[in-house]
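Just below is one structure, and these are the notes that go with it.
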Number of protein chains: 2
Amino acid sequence: MRTSELAGRAGVNAETLRYYERRGLLEEPPRTLGGYRDYPASAVGLLRFVKRAQELGFTLDEVEELLHLDGGGPDSCDAARALAERRRDDLAARIADLQRMHDSLSGLVETCDLPRADRRCALLEAIK
Amino acid sequence: MRTSELAGRAGVNAETLRYYERRGLLEEPPRTLGGYRDYPASAVGLLRFVKRAQELGFTLDEVEELLHLDGGGPDSCDAARALAERRRDDLAARIADLQRMHDSLSGLVETCDLPRADRRCALLEAIK
DNA sequence: CTTGACTCTGTAGTCAGGTCCAGGGTTCAC
DNA sequence: GTGAACCCTGGACCTGACTACAGAGTCAAG
């Protein structure tokens with residue numbers, strides 16, 4: 001499978017594949033006589049794994065770690081679990097942060113309904 | 001007030017002040033004879049406004065917009081409100097996204113407690 | 001008058017995760 | 001055999017919000 005076909009199937013830009021390869025995330029595929037990359041069919045699944053892990057909030061460094069972990073036996077399984085738990089807890093913390101911001105902002109927007117003494121903006125005043 | 005004093009009081013790096021000025025976020029302060037920036041006392045409050053707005057999820061571009069809005073009368077007040085509501089809704093959407101990721105990840109971690117047939121990692125398998 | 005701490009300018013580097021480009025080579029259908 | 005469509009490489013560029021640096025000038029205490 002050539003670069004653009006794999007890119008199309010996995011829903012990424014073809015340049016992204018080269019970027020992942022440079023980064024060491026993807027193994028270098030074999031080449032055709034003309035020097036074109038020739039990906040195996042399994043590369044599609046691999047890329048989907050990468051994208052899914054990204055959606056779950058893993059960085060590319062972590063995805064790489066997960067990939068190296070794969071197939072490493074029980075110890076790797078524990079390591080993968082630890083990584084996932086860490087990411088899960090990070091997400092919970094991030095959500096709590098954003099929720100605080102959201103509530104703050106909601107409160108501020110409500111000040112807009114307050115009667116305005118003169119021409120001052122209650123929202124801007126409140127942020128100050 | 002000189003650069004590092006303002007920076008200290010507002011809790012930012014002195015370089016950040018120059019950066020904000022270059023960016024047009026902060027007005028150029030008057031200069032001493034020697035060419036040093038000489039900030040008015042009000043700059044501390046202004047910077048705190050910037051930082052607070054950032055905490056609320058506004059980008060610096062938006063903060064700039066808010067600053068220009070300030071003092072512009074009732075129309076500006078409405079514009080500020082619209083900006084705040086937009087930011088609030090963005091936050092709600094972002095929170096929902098992260099919550100989905102979090103739940104997905106929680107589910108995955110739970111697969112770790114499943115009995116393992118052989119040495120395969122249930123988590124890695126599940127992400128695939 | 002010297003020393004050390006501060007400040008100035010302009011430019012460049014950092015982080016992540018790509019994206020784009022020029023200037024070539026390859027493949028394939030017609 | 002030729003034109004279009006694809007692919008190659010190395011490197012530059014992008015966003016956002018800073019941060020660092022070199023080389024020069026300024027200020028205040030002793």
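Numbering starts fresh at 1 for the residues of each chain in the structure tokens, the chains themselves are lettered A, B, ... in the order given, and ligands are numbered from 1 as they appear.
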Would you mind listing, as a ChimeraX atom specification, all residues of chain D that have at least one atom within 9 Å of chain A, where only C-alpha atoms (C1' of nucleotides) are what counts? /D:6-8
For those residues, write C-alpha atoms (C1' of nucleotides) to a file as a compact mmCIF listing (two decimals), in the first residue's frame.
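Output below, filename again.txt:
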```
# COMPACT_ATOMS: atom_id res chain seq x y z
C1' DC D 6 1.81 10.27 -7.83
C1' DC D 7 6.04 9.87 -4.70
C1' DC D 8 10.70 11.13 -2.81
```
Quick one: residues within 12 Å of DC30 (chain C), only C-alpha atoms (C1' of nucleotides) counted, chain neighbours fewer than 5 positions away excluded, as a PyMOL selection string? chain D and resi 1-4
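By chain and then residue number, the residues within 9 Å of Asn13 (chain A) are Ser4, Ala7 and Gly8 of chain A; DT19 of chain C, counting only C-alpha atoms (C1' of nucleotides) and disregarding those fewer than 5 positions away in sequence.
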Keeping only N, CA and C atoms (P, O5', C5', C4', C3', O3' and C1' of nucleotides), take the residues you just selected and write them out as a PDB file, in the first residue's frame.
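Full text of part06.pdb as output:
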```pdb
ATOM      1  N   SER A   4      -0.237   7.522   0.130  1.00  0.00           N
ATOM      2  CA  SER A   4      -1.513   8.248   0.112  1.00  0.00           C
ATOM      3  C   SER A   4      -2.696   7.305   0.326  1.00  0.00           C
ATOM      4  N   ALA A   7      -2.767   6.810   4.047  1.00  0.00           N
ATOM      5  CA  ALA A   7      -3.218   8.069   4.650  1.00  0.00           C
ATOM      6  C   ALA A   7      -4.731   8.200   4.499  1.00  0.00           C
ATOM      7  N   GLY A   8      -5.214   7.917   3.300  1.00  0.00           N
ATOM      8  CA  GLY A   8      -6.643   8.000   3.040  1.00  0.00           C
ATOM      9  C   GLY A   8      -7.441   7.060   3.932  1.00  0.00           C
TER      10      GLY A   8
ATOM     11  P    DT C  19      -1.914  17.981   9.632  1.00  0.00           P
ATOM     12  O5'  DT C  19      -1.093  19.047   8.747  1.00  0.00           O
ATOM     13  C5'  DT C  19      -1.291  20.428   8.978  1.00  0.00           C
ATOM     14  C4'  DT C  19      -0.393  21.223   8.031  1.00  0.00           C
ATOM     15  C3'  DT C  19      -0.512  20.813   6.563  1.00  0.00           C
ATOM     16  O3'  DT C  19      -0.904  21.977   5.860  1.00  0.00           O
ATOM     17  C1'  DT C  19       1.755  21.054   7.211  1.00  0.00           C
TER      18       DT C  19
END
```
Report the closest atom pair, with its distance in Å rounded to one decimal, for each residue of chain C that has an atom no farther than 10 Å from chain A; count only C-alpha atoms (C1' of nucleotides), sort by chain and then rising residue number, and write it as a tab-separated table.
```
residue	atom	partner	partner_atom	distance
C:DA16	C1'	A:Thr59	CA	8.6
C:DG17	C1'	A:Leu60	CA	8.5
C:DG18	C1'	A:Thr16	CA	6.6
C:DT19	C1'	A:Glu15	CA	7.3
C:DC20	C1'	A:Glu15	CA	9.1
C:DG25	C1'	A:Gly34	CA	8.3
C:DT26	C1'	A:Gly34	CA	6.2
C:DT27	C1'	A:Gly34	CA	9.1
```
For chain B, which residue out of A:Arg18, A:Arg52, A:His68, A:Arg31 is the nearest one, using only C-alpha atoms? A:Arg52
Just list the residues in chain B DSSP gives alpha helix (DSSP H) on the backbone, as JSON, numbers by chain. {"B": [3, 4, 5, 6, 7, 8, 9, 10, 14, 15, 16, 17, 18, 19, 20, 21, 22, 23, 42, 43, 44, 45, 46, 47, 48, 49, 50, 51, 52, 53, 54, 55, 60, 61, 62, 63, 64, 65, 66, 67, 68, 69, 74, 75, 76, 77, 78, 79, 80, 81, 82, 83, 84, 85, 86, 87, 88, 89, 90, 91, 92, 93, 94, 95, 96, 97, 98, 99, 100, 101, 102, 103, 104, 105, 106, 107, 108, 109, 110, 111, 122, 123, 124, 125, 126, 127]}
Would you mind exporting the chosen residues as a CSV table (one decimal), in the first residue's frame, restricted to C-alpha atoms?
```csv
chain,number,residue,atom,x,y,z
B,3,THR,CA,9.5,46.4,34.3
B,4,SER,CA,10.7,43.9,36.8
B,5,GLU,CA,8.7,45.5,39.6
B,6,LEU,CA,5.5,45.3,37.6
B,7,ALA,CA,6.3,41.8,36.6
B,8,GLY,CA,6.9,40.8,40.2
B,9,ARG,CA,3.6,42.3,41.4
B,10,ALA,CA,1.6,40.8,38.6
B,14,ALA,CA,9.5,40.6,32.8
B,15,GLU,CA,9.9,39.4,29.2
B,16,THR,CA,6.2,38.7,29.1
B,17,LEU,CA,5.5,42.4,29.6
B,18,ARG,CA,7.5,43.3,26.5
B,19,TYR,CA,5.8,40.5,24.6
B,20,TYR,CA,2.4,41.8,25.5
B,21,GLU,CA,3.5,45.3,24.4
B,22,ARG,CA,4.8,44.0,21.1
B,23,ARG,CA,1.5,42.2,20.6
B,42,SER,CA,-2.8,51.0,37.2
B,43,ALA,CA,-0.8,48.6,35.1
B,44,VAL,CA,-0.9,46.0,37.9
B,45,GLY,CA,-4.7,45.9,37.8
B,46,LEU,CA,-4.6,45.7,34.0
B,47,LEU,CA,-2.3,42.7,34.1
B,48,ARG,CA,-4.4,41.0,36.7
B,49,PHE,CA,-7.3,41.4,34.4
B,50,VAL,CA,-5.4,39.8,31.6
B,51,LYS,CA,-4.3,36.9,33.8
B,52,ARG,CA,-7.8,36.4,35.2
B,53,ALA,CA,-9.3,36.4,31.7
B,54,GLN,CA,-6.7,33.9,30.6
B,55,GLU,CA,-7.7,31.6,33.5
B,60,LEU,CA,-4.8,36.8,24.3
B,61,ASP,CA,-6.5,37.9,21.1
B,62,GLU,CA,-9.8,37.8,23.0
B,63,VAL,CA,-8.4,39.5,26.0
B,64,GLU,CA,-7.2,42.3,23.7
B,65,GLU,CA,-10.8,42.5,22.3
B,66,LEU,CA,-12.2,42.7,25.8
B,67,LEU,CA,-9.7,45.5,26.7
B,68,HIS,CA,-10.7,47.5,23.6
B,69,LEU,CA,-14.4,46.9,24.5
B,74,PRO,CA,-23.7,49.8,26.1
B,75,ASP,CA,-22.8,48.4,22.7
B,76,SER,CA,-19.5,47.2,24.1
B,77,CYS,CA,-21.2,45.7,27.0
B,78,ASP,CA,-23.3,43.6,24.7
B,79,ALA,CA,-20.3,42.6,22.7
B,80,ALA,CA,-18.4,41.6,25.9
B,81,ARG,CA,-21.4,39.5,26.9
B,82,ALA,CA,-21.5,37.8,23.6
B,83,LEU,CA,-17.8,37.0,23.8
B,84,ALA,CA,-18.2,35.6,27.3
B,85,GLU,CA,-21.2,33.5,26.3
B,86,ARG,CA,-19.3,32.1,23.4
B,87,ARG,CA,-16.4,31.2,25.6
B,88,ARG,CA,-18.7,29.7,28.1
B,89,ASP,CA,-20.3,27.5,25.5
B,90,ASP,CA,-16.9,26.4,24.1
B,91,LEU,CA,-16.0,25.4,27.6
B,92,ALA,CA,-19.1,23.3,28.0
B,93,ALA,CA,-18.4,21.5,24.7
B,94,ARG,CA,-14.8,20.9,25.7
B,95,ILE,CA,-15.8,19.6,29.0
B,96,ALA,CA,-18.2,17.1,27.4
B,97,ASP,CA,-15.4,16.0,25.1
B,98,LEU,CA,-13.0,15.3,27.9
B,99,GLN,CA,-15.7,13.6,29.9
B,100,ARG,CA,-16.3,11.2,27.0
B,101,MET,CA,-12.5,10.5,26.8
B,102,HIS,CA,-12.4,10.0,30.6
B,103,ASP,CA,-15.3,7.5,30.5
B,104,SER,CA,-13.8,5.6,27.6
B,105,LEU,CA,-10.5,5.4,29.4
B,106,SER,CA,-12.1,4.3,32.7
B,107,GLY,CA,-13.9,1.6,30.7
B,108,LEU,CA,-10.6,0.5,29.2
B,109,VAL,CA,-8.8,0.4,32.6
B,110,GLU,CA,-11.6,-1.9,33.8
B,111,THR,CA,-10.7,-4.4,31.1
B,122,ALA,CA,-6.6,-6.5,27.4
B,123,LEU,CA,-6.2,-2.7,27.5
B,124,LEU,CA,-4.0,-2.6,24.4
B,125,GLU,CA,-6.2,-5.1,22.7
B,126,ALA,CA,-9.2,-2.9,23.5
B,127,ILE,CA,-7.8,0.2,22.1
```
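The nearest approach to chain B among the residues A:Phe58, A:Pro40, A:Cys112, A:Leu26, with only C-alpha atoms taken into account, belongs to A:Cys112.
A straight line drawn from CA of Val12 (chain A) to C1' of DC15 (chain C) is 22.1 Å long.
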